[in-house]
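As provided, protein15.cif (mmCIF, C-alpha atoms and all ligand atoms) reads as follows.
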```
data_model
loop_
_atom_site.label_atom_id
_atom_site.label_comp_id
_atom_site.auth_asym_id
_atom_site.auth_seq_id
_atom_site.Cartn_x
_atom_site.Cartn_y
_atom_site.Cartn_z
CA MET A 1 22.76 -45.67 -59.66
CA SER A 2 19.54 -45.06 -57.83
CA ILE A 3 19.85 -45.27 -54.09
CA GLU A 4 17.62 -43.90 -51.39
CA THR A 5 19.30 -43.02 -48.15
CA ALA A 6 18.13 -40.38 -45.74
CA VAL A 7 20.44 -37.38 -45.53
CA THR A 8 20.67 -35.44 -42.28
CA GLU A 9 23.14 -32.75 -43.29
CA ILE A 10 25.05 -31.46 -46.29
CA ARG A 11 27.86 -28.98 -46.70
CA GLY A 12 28.77 -26.87 -49.68
CA LYS A 13 28.65 -23.41 -51.18
CA LEU A 14 25.27 -21.89 -51.75
CA VAL A 15 24.73 -21.15 -55.43
CA THR A 16 22.79 -18.04 -54.47
CA THR A 17 25.43 -16.33 -52.30
CA GLY A 18 28.64 -18.33 -52.62
CA GLU A 19 28.66 -18.75 -48.85
CA SER A 20 29.90 -22.06 -47.38
CA VAL A 21 27.09 -23.52 -45.33
CA LEU A 22 25.93 -26.50 -43.36
CA ILE A 23 22.34 -27.44 -44.13
CA GLU A 24 20.54 -29.66 -41.64
CA LEU A 25 17.61 -31.70 -42.87
CA GLU A 26 14.73 -33.09 -40.89
CA GLY A 27 11.53 -34.82 -41.95
CA GLY A 28 12.33 -34.23 -45.62
CA ARG A 29 12.64 -30.48 -45.09
CA ILE A 30 15.40 -27.96 -44.62
CA ALA A 31 15.62 -27.48 -40.86
CA LYS A 32 18.53 -25.08 -40.50
CA ILE A 33 21.13 -23.30 -42.61
CA SER A 34 24.27 -22.09 -40.84
CA PRO A 35 27.72 -20.87 -41.88
CA SER A 36 30.09 -23.81 -42.20
CA SER A 37 33.27 -23.87 -40.16
CA HIS A 38 34.33 -27.06 -41.89
CA GLN A 39 37.70 -26.47 -43.56
CA GLU A 40 37.99 -27.98 -47.01
CA PRO A 41 40.18 -27.04 -49.92
CA ASP A 42 38.12 -24.49 -51.82
CA ASN A 43 38.35 -26.30 -55.15
CA ASP A 44 36.88 -29.49 -53.79
CA GLU A 45 33.84 -27.86 -52.32
CA LEU A 46 30.64 -28.54 -54.17
CA TRP A 47 27.87 -26.04 -54.84
CA ILE A 48 24.41 -26.52 -53.39
CA ALA A 49 21.42 -25.50 -55.50
CA PRO A 50 17.71 -26.11 -55.20
CA GLY A 51 16.59 -29.10 -57.26
CA LEU A 52 15.72 -28.01 -60.79
CA ILE A 53 12.07 -27.58 -61.80
CA ASP A 54 11.09 -28.31 -65.39
CA LEU A 55 7.67 -27.12 -66.59
CA GLN A 56 7.85 -29.14 -69.79
CA ILE A 57 9.04 -32.74 -70.20
CA ASN A 58 7.53 -35.07 -72.81
CA GLY A 59 9.79 -37.98 -71.98
CA TYR A 60 13.28 -38.88 -70.86
CA ALA A 61 15.86 -41.66 -71.10
CA GLY A 62 13.76 -43.71 -73.51
CA TYR A 63 10.51 -43.31 -71.55
CA ASP A 64 7.61 -41.45 -73.17
CA VAL A 65 4.79 -39.71 -71.28
CA ASN A 66 2.51 -39.83 -74.33
CA LEU A 67 2.57 -43.57 -75.00
CA SER A 68 0.03 -45.02 -77.38
CA ASP A 69 -0.95 -48.65 -77.98
CA SER A 70 0.16 -49.59 -74.49
CA SER A 71 -1.64 -51.13 -71.56
CA MET A 72 -2.38 -48.99 -68.53
CA GLU A 73 0.17 -51.02 -66.51
CA GLU A 74 2.88 -50.34 -69.10
CA ARG A 75 2.07 -46.64 -69.01
CA ILE A 76 2.24 -46.49 -65.22
CA GLU A 77 5.58 -48.34 -65.11
CA THR A 78 6.96 -46.09 -67.84
CA ILE A 79 6.10 -43.04 -65.75
CA ARG A 80 7.71 -44.55 -62.64
CA LEU A 81 10.93 -45.41 -64.48
CA MET A 82 11.00 -42.02 -66.16
CA VAL A 83 10.65 -40.21 -62.83
CA ASP A 84 13.77 -42.07 -61.54
CA LYS A 85 15.79 -40.93 -64.55
CA VAL A 86 14.49 -37.36 -64.41
CA LEU A 87 15.46 -37.18 -60.72
CA ALA A 88 18.95 -38.46 -61.52
CA SER A 89 19.32 -35.59 -64.01
CA GLY A 90 18.92 -33.08 -61.15
CA VAL A 91 15.28 -32.21 -61.82
CA THR A 92 13.39 -32.76 -58.55
CA SER A 93 10.01 -31.44 -59.72
CA PHE A 94 8.56 -31.43 -63.21
CA CYS A 95 5.43 -31.21 -65.32
CA PRO A 96 4.95 -34.19 -67.64
CA THR A 97 3.59 -32.70 -70.81
CA ILE A 98 0.57 -33.85 -72.79
CA ILE A 99 0.80 -33.39 -76.54
CA THR A 100 -2.09 -33.09 -78.98
CA ALA A 101 -3.95 -36.36 -79.54
CA GLY A 102 -7.47 -37.76 -79.68
CA TYR A 103 -9.75 -37.54 -76.63
CA GLU A 104 -9.24 -41.13 -75.45
CA GLN A 105 -5.48 -41.06 -75.88
CA ILE A 106 -5.18 -37.90 -73.77
CA ASN A 107 -7.61 -39.32 -71.23
CA ASP A 108 -5.53 -42.52 -70.93
CA THR A 109 -2.27 -40.59 -70.49
CA LEU A 110 -3.79 -38.43 -67.76
CA THR A 111 -5.28 -41.49 -66.06
CA ALA A 112 -1.87 -43.22 -66.13
CA LEU A 113 -0.23 -40.17 -64.57
CA ARG A 114 -2.85 -40.10 -61.82
CA LEU A 115 -2.53 -43.83 -61.11
CA ALA A 116 1.29 -43.60 -61.06
CA CYS A 117 1.06 -40.74 -58.55
CA GLU A 118 -1.41 -42.67 -56.41
CA ARG A 119 0.75 -45.81 -56.45
CA TYR A 120 4.25 -44.36 -55.95
CA THR A 121 4.99 -41.64 -53.42
CA VAL A 122 8.15 -40.50 -55.17
CA VAL A 123 6.22 -40.06 -58.43
CA ASP A 124 3.55 -38.04 -56.65
CA GLU A 125 6.16 -35.84 -54.98
CA THR A 126 8.13 -35.27 -58.19
CA ILE A 127 5.25 -34.61 -60.59
CA VAL A 128 4.38 -31.11 -59.41
CA GLY A 129 1.66 -30.75 -62.01
CA ILE A 130 0.76 -31.72 -65.56
CA HIS A 131 1.34 -29.41 -68.52
CA MET A 132 -1.37 -29.72 -71.14
CA GLU A 133 0.31 -28.37 -74.26
CA GLY A 134 -2.30 -29.54 -76.75
CA PRO A 135 -4.79 -29.77 -78.37
CA TYR A 136 -6.08 -26.15 -78.26
CA LEU A 137 -3.39 -24.84 -80.63
CA SER A 138 -2.94 -23.29 -84.06
CA ASP A 139 -3.31 -25.80 -86.88
CA GLN A 140 -1.09 -23.79 -89.23
CA ASP A 141 2.15 -25.38 -90.37
CA GLY A 142 4.94 -23.80 -88.38
CA PRO A 143 3.02 -22.68 -85.29
CA ARG A 144 1.63 -26.17 -84.72
CA GLY A 145 5.14 -27.64 -84.69
CA ALA A 146 4.90 -31.42 -84.49
CA HIS A 147 1.37 -31.49 -83.02
CA PRO A 148 -0.81 -33.63 -85.34
CA LYS A 149 -3.16 -31.41 -87.30
CA GLU A 150 -6.11 -33.84 -87.27
CA HIS A 151 -6.44 -33.61 -83.47
CA ILE A 152 -5.92 -29.86 -83.03
CA ARG A 153 -9.20 -28.19 -82.08
CA ASP A 154 -11.02 -25.30 -80.40
CA PRO A 155 -11.06 -25.21 -76.60
CA GLU A 156 -14.00 -26.92 -74.97
CA TRP A 157 -14.57 -26.52 -71.24
CA THR A 158 -16.46 -29.77 -70.67
CA GLU A 159 -13.74 -31.73 -72.43
CA PHE A 160 -11.08 -30.04 -70.32
CA THR A 161 -12.92 -30.67 -67.05
CA ASN A 162 -13.24 -34.36 -67.98
CA TRP A 163 -9.49 -34.49 -68.50
CA GLN A 164 -8.81 -32.58 -65.31
CA HIS A 165 -10.97 -35.15 -63.51
CA ALA A 166 -9.02 -38.04 -65.12
CA SER A 167 -5.76 -36.48 -63.87
CA GLY A 168 -7.08 -36.12 -60.34
CA GLY A 169 -6.87 -32.32 -60.59
CA ARG A 170 -3.18 -32.37 -61.52
CA ILE A 171 -3.31 -30.19 -64.67
CA ARG A 172 -1.59 -26.98 -63.57
CA VAL A 173 -0.24 -25.58 -66.84
CA VAL A 174 -2.18 -25.17 -70.09
CA THR A 175 -0.76 -23.87 -73.36
CA ILE A 176 -3.32 -22.37 -75.68
CA ALA A 177 -3.46 -20.45 -78.98
CA PRO A 178 -5.57 -17.39 -78.10
CA GLU A 179 -6.86 -16.92 -81.65
CA ARG A 180 -8.96 -20.09 -81.45
CA SER A 181 -12.70 -19.71 -81.05
CA GLY A 182 -13.58 -19.82 -77.36
CA ALA A 183 -9.98 -19.39 -76.22
CA LEU A 184 -10.48 -16.20 -74.24
CA ALA A 185 -13.37 -17.64 -72.23
CA MET A 186 -11.26 -20.73 -71.59
CA ILE A 187 -8.27 -18.63 -70.47
CA ARG A 188 -10.49 -16.76 -68.01
CA GLU A 189 -11.84 -20.02 -66.54
CA LEU A 190 -8.40 -21.63 -66.30
CA ALA A 191 -6.90 -18.54 -64.66
CA ARG A 192 -9.79 -18.49 -62.18
CA GLU A 193 -8.92 -22.08 -61.25
CA GLY A 194 -5.33 -21.01 -60.54
CA ILE A 195 -3.92 -22.77 -63.59
CA LEU A 196 -0.87 -21.23 -65.28
CA VAL A 197 -2.14 -20.28 -68.73
CA CYS A 198 0.50 -19.99 -71.46
CA ILE A 199 0.35 -18.64 -74.98
CA GLY A 200 2.04 -20.96 -77.42
CA HIS A 201 1.88 -22.78 -80.76
CA THR A 202 0.06 -19.68 -81.93
CA ALA A 203 -0.40 -17.46 -84.97
CA ALA A 204 -2.23 -14.78 -82.96
CA THR A 205 -2.30 -11.11 -83.89
CA HIS A 206 -0.92 -8.43 -81.57
CA GLU A 207 -4.46 -7.66 -80.38
CA GLU A 208 -5.28 -11.31 -79.74
CA ILE A 209 -2.17 -11.68 -77.60
CA ALA A 210 -3.05 -8.57 -75.60
CA ALA A 211 -6.59 -9.90 -75.11
CA ALA A 212 -5.22 -13.25 -73.90
CA VAL A 213 -3.06 -11.50 -71.32
CA ASP A 214 -6.03 -9.39 -70.22
CA ALA A 215 -7.95 -12.66 -69.79
CA GLY A 216 -5.24 -14.10 -67.53
CA ALA A 217 -2.47 -15.67 -69.67
CA ARG A 218 0.84 -15.27 -67.82
CA MET A 219 3.54 -17.03 -69.85
CA SER A 220 4.72 -17.74 -73.40
CA THR A 221 5.53 -21.39 -74.05
CA HIS A 222 8.99 -21.92 -75.62
CA LEU A 223 9.02 -18.43 -77.10
CA GLY A 224 10.66 -18.27 -80.52
CA ASN A 225 9.87 -21.87 -81.42
CA ALA A 226 6.77 -23.24 -83.13
CA ALA A 227 6.63 -20.31 -85.57
CA HIS A 228 6.25 -19.78 -89.31
CA LEU A 229 9.47 -19.98 -91.29
CA GLN A 230 8.79 -16.41 -92.42
CA LEU A 231 7.03 -13.67 -90.47
CA PRO A 232 6.03 -10.08 -91.18
CA ARG A 233 8.81 -7.82 -89.89
CA HIS A 234 6.36 -6.20 -87.48
CA PRO A 235 4.12 -6.60 -85.78
CA ASN A 236 4.29 -10.34 -85.33
CA TYR A 237 3.51 -12.74 -82.50
CA ILE A 238 7.12 -12.95 -81.36
CA TRP A 239 7.59 -9.19 -80.97
CA SER A 240 4.15 -8.90 -79.36
CA GLN A 241 4.96 -11.52 -76.71
CA LEU A 242 8.47 -10.13 -76.17
CA SER A 243 7.13 -6.63 -75.59
CA GLU A 244 4.28 -7.69 -73.29
CA ASP A 245 5.68 -7.00 -69.82
CA ARG A 246 2.95 -8.98 -68.10
CA LEU A 247 4.09 -12.19 -69.84
CA SER A 248 6.88 -14.40 -68.57
CA ALA A 249 8.50 -16.61 -71.20
CA SER A 250 9.86 -20.12 -71.23
CA ILE A 251 12.68 -20.90 -73.63
CA ILE A 252 14.47 -24.02 -74.81
CA ALA A 253 18.07 -22.90 -74.37
CA ASP A 254 19.59 -26.16 -75.62
CA GLY A 255 21.78 -24.56 -78.29
CA HIS A 256 19.66 -26.02 -81.09
CA HIS A 257 16.14 -24.62 -80.77
CA LEU A 258 17.15 -20.96 -80.58
CA HIS A 259 20.27 -19.28 -81.87
CA PRO A 260 22.43 -18.07 -78.96
CA SER A 261 21.80 -14.47 -80.04
CA VAL A 262 18.04 -15.00 -79.68
CA VAL A 263 18.46 -16.50 -76.21
CA LYS A 264 20.50 -13.44 -75.26
CA VAL A 265 17.93 -10.98 -76.61
CA ILE A 266 15.02 -12.75 -74.89
CA ALA A 267 17.03 -12.80 -71.64
CA ARG A 268 17.74 -9.07 -71.89
CA VAL A 269 14.12 -8.21 -72.64
CA LYS A 270 12.46 -10.53 -70.13
CA HIS A 271 15.02 -10.15 -67.33
CA ASP A 272 13.51 -11.87 -64.33
CA ARG A 273 10.44 -13.10 -66.17
CA LEU A 274 12.27 -15.94 -67.87
CA VAL A 275 12.03 -19.68 -67.30
CA LEU A 276 14.25 -22.39 -68.72
CA VAL A 277 12.52 -25.58 -69.87
CA SER A 278 13.99 -28.65 -71.53
CA ASP A 279 10.87 -29.69 -73.53
CA ALA A 280 12.73 -33.01 -73.57
CA VAL A 281 11.40 -35.84 -75.69
CA HIS A 282 11.89 -39.50 -74.77
CA LEU A 283 15.28 -39.74 -76.49
CA ALA A 284 16.76 -37.08 -74.21
CA GLY A 285 19.46 -38.53 -71.99
CA MET A 286 20.13 -41.41 -74.43
CA LYS A 287 23.38 -42.31 -76.19
CA ALA A 288 24.08 -40.65 -79.55
CA GLY A 289 22.88 -42.70 -82.51
CA ILE A 290 20.06 -43.43 -84.93
CA TYR A 291 16.66 -44.23 -83.45
CA LYS A 292 13.34 -45.26 -84.92
CA THR A 293 10.33 -43.33 -83.63
CA HIS A 294 6.66 -44.17 -83.92
CA VAL A 295 5.79 -40.76 -85.37
CA GLY A 296 8.70 -39.35 -87.30
CA GLY A 297 10.54 -42.33 -88.82
CA GLU A 298 14.29 -42.41 -88.23
CA VAL A 299 15.91 -39.69 -86.17
CA GLU A 300 19.53 -39.10 -85.29
CA LEU A 301 20.75 -37.95 -81.90
CA LEU A 302 24.12 -36.23 -82.14
CA PRO A 303 26.68 -36.14 -79.31
CA SER A 304 25.90 -32.40 -79.00
CA GLY A 305 22.31 -33.21 -78.00
CA ARG A 306 20.86 -32.12 -81.33
CA LEU A 307 18.03 -34.45 -82.36
CA GLN A 308 17.32 -34.29 -86.07
CA MET A 309 15.43 -36.16 -88.77
CA ALA A 310 17.80 -38.74 -90.28
CA ALA A 311 16.49 -38.03 -93.79
CA ASN A 312 16.58 -34.24 -93.36
CA PRO A 313 19.30 -33.17 -90.90
CA LEU A 314 18.14 -29.54 -91.09
CA MET A 315 14.89 -30.48 -89.36
CA LEU A 316 14.88 -30.85 -85.59
CA ALA A 317 12.97 -33.83 -84.20
CA GLY A 318 12.50 -32.47 -80.68
CA ALA A 319 14.63 -31.40 -77.74
CA ALA A 320 17.00 -33.93 -76.27
CA VAL A 321 19.04 -32.39 -73.48
CA SER A 322 18.32 -32.17 -69.79
CA LEU A 323 17.47 -28.95 -67.99
CA SER A 324 20.92 -28.78 -66.36
CA GLU A 325 22.43 -28.62 -69.84
CA CYS A 326 20.06 -25.75 -70.69
CA VAL A 327 21.33 -23.97 -67.56
CA GLN A 328 24.89 -24.31 -68.90
CA CYS A 329 23.93 -23.11 -72.40
CA PHE A 330 22.09 -20.14 -70.89
CA MET A 331 25.22 -19.06 -68.99
CA ARG A 332 27.34 -19.39 -72.13
CA PHE A 333 24.90 -17.52 -74.39
CA THR A 334 24.05 -14.65 -72.05
CA GLY A 335 27.02 -14.29 -69.70
CA ALA A 336 24.69 -14.97 -66.76
CA GLU A 337 26.12 -16.07 -63.43
CA LEU A 338 25.34 -19.57 -62.18
CA SER A 339 23.02 -18.13 -59.54
CA GLU A 340 20.95 -16.34 -62.18
CA ALA A 341 20.78 -19.29 -64.58
CA VAL A 342 19.79 -21.65 -61.75
CA ARG A 343 17.07 -19.22 -60.62
CA MET A 344 15.50 -19.45 -64.11
CA ALA A 345 15.22 -23.21 -63.59
CA THR A 346 14.17 -23.26 -59.92
CA LEU A 347 12.64 -20.21 -58.23
CA LYS A 348 11.03 -18.77 -61.36
CA PRO A 349 9.05 -21.86 -62.37
CA ALA A 350 8.10 -22.41 -58.71
CA GLN A 351 6.73 -18.87 -58.50
CA LEU A 352 4.75 -19.26 -61.71
CA LEU A 353 3.18 -22.42 -60.32
CA GLY A 354 2.50 -20.69 -57.03
CA GLU A 355 4.67 -23.24 -55.17
CA GLN A 356 6.14 -21.89 -51.96
CA GLN A 357 7.90 -25.01 -50.68
CA ILE A 358 10.29 -25.67 -53.57
CA GLY A 359 12.67 -23.71 -55.79
CA ALA A 360 14.75 -22.08 -53.06
CA ILE A 361 16.95 -23.03 -50.12
CA GLU A 362 15.19 -21.77 -47.04
CA ALA A 363 14.33 -23.23 -43.66
CA GLY A 364 10.96 -24.95 -43.88
CA TYR A 365 11.21 -25.66 -47.61
CA TRP A 366 11.32 -29.22 -48.91
CA ALA A 367 14.87 -30.55 -48.95
CA ASP A 368 14.95 -30.85 -52.75
CA LEU A 369 18.61 -30.12 -53.37
CA ILE A 370 21.39 -30.82 -55.83
CA LEU A 371 25.13 -30.80 -55.24
CA LEU A 372 27.14 -29.82 -58.25
CA ALA A 373 30.68 -29.20 -59.42
CA TRP A 374 31.06 -26.01 -61.43
CA ASP A 375 33.99 -25.53 -63.78
CA LYS A 376 33.78 -21.79 -64.20
CA ARG A 377 36.39 -21.63 -66.97
CA GLU A 378 34.73 -24.33 -69.06
CA GLY A 379 31.28 -23.03 -68.17
CA SER A 380 30.23 -26.58 -67.31
CA ILE A 381 28.40 -28.03 -64.36
CA SER A 382 28.13 -31.66 -63.36
CA ILE A 383 25.57 -32.95 -60.93
CA ARG A 384 27.11 -35.08 -58.19
CA SER A 385 24.21 -35.71 -55.90
CA VAL A 386 20.44 -35.31 -55.93
CA ILE A 387 18.35 -35.12 -52.79
CA LYS A 388 14.56 -35.38 -52.98
CA ARG A 389 12.71 -34.54 -49.77
CA GLY A 390 15.73 -35.41 -47.68
CA LYS A 391 16.53 -38.68 -49.45
CA GLN A 392 19.53 -39.13 -51.67
CA VAL A 393 18.11 -40.42 -54.94
CA HIS A 394 21.26 -40.10 -57.02
CA ASN A 395 24.94 -39.92 -56.20
CA ILE A 396 28.15 -39.87 -58.23
CA GLN A 397 31.37 -40.06 -56.28
ZN ZN B 1 5.65 -27.17 -78.06
#
```
Kindly transcribe the structure held in the file into structure tokens.
Ligand SMILES: [Zn+2]
Amino acid sequence: MSIETAVTEIRGKLVTTGESVLIELEGGRIAKISPSSHQEPDNDELWIAPGLIDLQINGYAGYDVNLSDSSMEERIETIRLMVDKVLASGVTSFCPTIITAGYEQINDTLTALRLACERYTVVDETIVGIHMEGPYLSDQDGPRGAHPKEHIRDPEWTEFTNWQHASGGRIRVVTIAPERSGALAMIRELAREGILVCIGHTAATHEEIAAAVDAGARMSTHLGNAAHLQLPRHPNYIWSQLSEDRLSASIIADGHHLHPSVVKVIARVKHDRLVLVSDAVHLAGMKAGIYKTHVGGEVELLPSGRLQMAANPLMLAGAAVSLSECVQCFMRFTGAELSEAVRMATLKPAQLLGEQQIGAIEAGYWADLILLAWDKREGSISIRSVIKRGKQVHNIQ
């Protein structure tokens, strides 16, 4: 249930240190953190973590960022309703993600996001930026993933600036295939504007990846996915991005997009330069069952969160779990502590965006917090309460 009550203080154990604390909130921010003298049975005490930050969400709970054939009002309402559901999942900041489409369609989606932000404060506060994943990607089958080939194209600065204008300057993450004509110049411009440039949906050579990083690319988008079914043993674009120490990587650790062994290897190689993203599509957070989609025909969502084509169960039809579930999978696959897994979904994305008011629990930061129960033996976490800028937006007793 969505409720909005102001919270003045919360108690619990800090995910970062395990210390029991009292956090006082004021004006939507963290005012003071002090050791808690409150005596509660240890098992009942909840953990306090920063609200999760997801750099890549295409949709959630039935609501789709990239709507087509819809009026502007429908798009705006869809974004508002989606933001409520995303908040309830424990994600207090996220980047709605634009997929490859024609110029007008992308323009309309960006306009809807801007208008939703201008109309609703909570939407504006929760959408920390927009991730433009397409259309400047590889058009090869495999690397392009589900991005429609007919709309994939070379980067064009004027086109991008028009879109940035439509969004009200909210595009803060751009994924690009560096092998496309004009990509390096585009990467340099984007980096100069302070935009997080990511390499992704790419078939680039080792040299092209190095050149992209020289030009200012700082992250790999969902490393290990959107790739050919077969690759040369070496070099290839996965090794090249893994070995590039200047590149952070985002991964979809949902248990379906990457084998647990791959998640573990990427975690060991990238250490602190790793970010968890959900890449959730609109069916994420829905009940298991068969659904009709406007692009891919019938898809089946399994209770495990695997979303597959109904006619071809071997083919994934997108990611369908929330970021908190990715945090759990990451702990299971890598042996990471809760503090480390949470950092990959809070502080790390905040740092990559250059955000200094979210992603950590410190005096002066926004009071974007989640309270969670952690069953260490089961490796499961459940979110009990979500606080966005000092207001409780979700609560489960
Ligand atoms: Zn993608």
How close does range 19-41 of chain A get to range 348-367 of chain A? List, as a Markdown table, each residue of range 19-41 of chain A within 12 Å, its nearest atom pair and the distance in Å to one decimal, counting all atoms listed in the file.
```
| residue | atom | partner | partner_atom | distance |
| --- | --- | --- | --- | --- |
| A:Val21 | CA | A:Ile361 | CA | 11.2 |
| A:Leu22 | CA | A:Ile361 | CA | 11.8 |
| A:Ile23 | CA | A:Ala363 | CA | 9.1 |
| A:Glu24 | CA | A:Ala363 | CA | 9.2 |
| A:Leu25 | CA | A:Ala367 | CA | 6.8 |
| A:Glu26 | CA | A:Ala367 | CA | 8.5 |
| A:Gly27 | CA | A:Ala367 | CA | 8.9 |
| A:Gly28 | CA | A:Ala367 | CA | 5.6 |
| A:Arg29 | CA | A:Trp366 | CA | 4.2 |
| A:Ile30 | CA | A:Ala363 | CA | 4.9 |
| A:Ala31 | CA | A:Ala363 | CA | 5.3 |
| A:Lys32 | CA | A:Ala363 | CA | 5.6 |
| A:Ile33 | CA | A:Ala363 | CA | 6.9 |
| A:Ser34 | CA | A:Ala363 | CA | 10.4 |
```
Residue neighbourhood Val7 in chain A, 8 Å, only C-alpha atoms, exclusion window fewer than 3 positions, as a list in words: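 In the requested format, the answer is Ile10, Leu25, Ile387, Gly390, Lys391 and Gln392 of chain A.
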What would the file look like if the residues just selected were written as a compact mmCIF listing (two decimals), keeping the file's coordinate frame with C-alpha atoms?
```txt
# COMPACT_ATOMS: atom_id res chain seq x y z
CA ILE A 10 25.05 -31.46 -46.29
CA LEU A 25 17.61 -31.70 -42.87
CA ILE A 387 18.35 -35.12 -52.79
CA GLY A 390 15.73 -35.41 -47.68
CA LYS A 391 16.53 -38.68 -49.45
CA GLN A 392 19.53 -39.13 -51.67
```
Nearest to Ala101 in chain A, restricted to only C-alpha atoms and choosing among A:Ala227, A:Val265, A:Ile152, A:Leu307, comes out as A:Ile152
Two-atom distance - CA of Arg384 in chain A, CA of Ile370 in chain A (Å):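 Separation between CA of Arg384 in chain A and CA of Ile370 in chain A: 7.5 Å.
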Fewer than 5 positions away in the same chain doesn't count, so skip those; otherwise give me all residues within 12 Å of Val83 in chain A, counting only C-alpha atoms, as an MDAnalysis selection string. chainID A and resid 2 57:65 76:78 88:96 113 116:117 120:128 388 393
Within 7 Å of ligand ZN 1 (chain B), counting only C-alpha atoms and all ligand atoms, residues as a compact mmCIF listing (two decimals) with C-alpha atoms, keeping the file's coordinate frame:
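The resulting selection_23.txt:
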```txt
# COMPACT_ATOMS: atom_id res chain seq x y z
CA GLU A 133 0.31 -28.37 -74.26
CA GLY A 145 5.14 -27.64 -84.69
CA HIS A 201 1.88 -22.78 -80.76
CA HIS A 222 8.99 -21.92 -75.62
CA ALA A 226 6.77 -23.24 -83.13
```
Using all atoms listed in the file, which protein or nucleic acid residues come within 10 Å of Ile383 in chain A? Drop anything in the same chain fewer than 5 positions from it, and give the result as a PDB file with C-alpha atoms, in the coordinates of the input.
```
ATOM      1  CA  LEU A  46      30.640 -28.540 -54.170  1.00  0.00           C
ATOM      2  CA  TRP A  47      27.870 -26.040 -54.840  1.00  0.00           C
ATOM      3  CA  ILE A  48      24.410 -26.520 -53.390  1.00  0.00           C
ATOM      4  CA  ALA A  88      18.950 -38.460 -61.520  1.00  0.00           C
ATOM      5  CA  SER A  89      19.320 -35.590 -64.010  1.00  0.00           C
ATOM      6  CA  GLY A  90      18.920 -33.080 -61.150  1.00  0.00           C
ATOM      7  CA  SER A 324      20.920 -28.780 -66.360  1.00  0.00           C
ATOM      8  CA  ILE A 370      21.390 -30.820 -55.830  1.00  0.00           C
ATOM      9  CA  LEU A 371      25.130 -30.800 -55.240  1.00  0.00           C
ATOM     10  CA  LEU A 372      27.140 -29.820 -58.250  1.00  0.00           C
ATOM     11  CA  ALA A 373      30.680 -29.200 -59.420  1.00  0.00           C
ATOM     12  CA  TRP A 374      31.060 -26.010 -61.430  1.00  0.00           C
ATOM     13  CA  HIS A 394      21.260 -40.100 -57.020  1.00  0.00           C
ATOM     14  CA  ASN A 395      24.940 -39.920 -56.200  1.00  0.00           C
ATOM     15  CA  ILE A 396      28.150 -39.870 -58.230  1.00  0.00           C
TER      16      ILE A 396
END
```
Each residue of range 1-114 of chain A lying at most 12 Å from range 330-342 of chain A should get a row with its shortest atom-to-atom pair and the distance in Å to one decimal, counting all atoms listed in the file; could you produce that, ordered by chain and increasing number, as a Markdown table?
```
| residue | atom | partner | partner_atom | distance |
| --- | --- | --- | --- | --- |
| A:Lys13 | CA | A:Ser339 | CA | 11.4 |
| A:Leu14 | CA | A:Ser339 | CA | 8.9 |
| A:Val15 | CA | A:Ser339 | CA | 5.4 |
| A:Thr16 | CA | A:Ser339 | CA | 5.1 |
| A:Thr17 | CA | A:Ser339 | CA | 7.8 |
| A:Gly18 | CA | A:Ser339 | CA | 8.9 |
| A:Trp47 | CA | A:Leu338 | CA | 10.1 |
| A:Ile48 | CA | A:Ser339 | CA | 10.5 |
| A:Ala49 | CA | A:Val342 | CA | 7.5 |
| A:Pro50 | CA | A:Val342 | CA | 8.2 |
| A:Gly51 | CA | A:Val342 | CA | 9.3 |
| A:Leu52 | CA | A:Val342 | CA | 7.6 |
| A:Ile53 | CA | A:Val342 | CA | 9.7 |
| A:Asp54 | CA | A:Val342 | CA | 11.5 |
| A:Gly90 | CA | A:Val342 | CA | 11.5 |
| A:Val91 | CA | A:Val342 | CA | 11.5 |
```
Go ahead and compute the interatomic distance for CA of Ser71 in chain A and CA of Thr97 in chain A, in Å to one decimal.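 Going from CA of Ser71 in chain A over to CA of Thr97 in chain A covers 19.2 Å.
Residues of protein, DNA or RNA having at least one counted atom within 8 Å of (4.2, -25.9, -86.3), given only C-alpha atoms, are Ser138, Asp139, Gln140, Asp141, Gly142, Pro143, Arg144, Gly145, Ala146, His147, His201, Ala226, Ala227 and His228 of chain A.
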My list of candidates is A:Ile195, A:Val277, A:Leu190, A:Leu223. Which is closest to Leu258 in chain A when distances are computed with all atoms listed in the file?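 Comparing A:Ile195, A:Val277, A:Leu190, A:Leu223 against Leu258 in chain A, the winner is A:Leu223.
Closest approach to His271 in chain A among A:Glu73, A:Ser248, A:His234, A:Ser68 is made by A:Ser248 (distances from only C-alpha atoms).
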Distance CA of Met82 in chain A-CA of Ala284 in chain A, one decimal place?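 If I compute the distance from CA of Met82 in chain A to CA of Ala284 in chain A, I get 11.1 Å.
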Identify, on the basis of only C-alpha atoms, every residue whose closest approach to Asn162 in chain A does not exceed 9 Å; exclude the query and any residue fewer than 5 positions from it along the same chain; express the result as a PyMOL selection string. chain A and resi 107+157+167
Could you give me, as a PDB file with C-alpha atoms, in the frame of the given file, the residues within 7 Å of Gly200 in chain A, counting all atoms listed in the file and dropping anything in the same chain fewer than 5 positions from it?
```
ATOM      1  CA  THR A 175      -0.760 -23.870 -73.360  1.00  0.00           C
ATOM      2  CA  ILE A 176      -3.320 -22.370 -75.680  1.00  0.00           C
ATOM      3  CA  ALA A 177      -3.460 -20.450 -78.980  1.00  0.00           C
ATOM      4  CA  SER A 220       4.720 -17.740 -73.400  1.00  0.00           C
ATOM      5  CA  THR A 221       5.530 -21.390 -74.050  1.00  0.00           C
TER       6      THR A 221
END
```
Which residue is closest to Ala203 in chain A? Choose from A:Leu137, A:Met186, A:Leu247, A:Ile252 and count all atoms listed in the file. A:Leu137
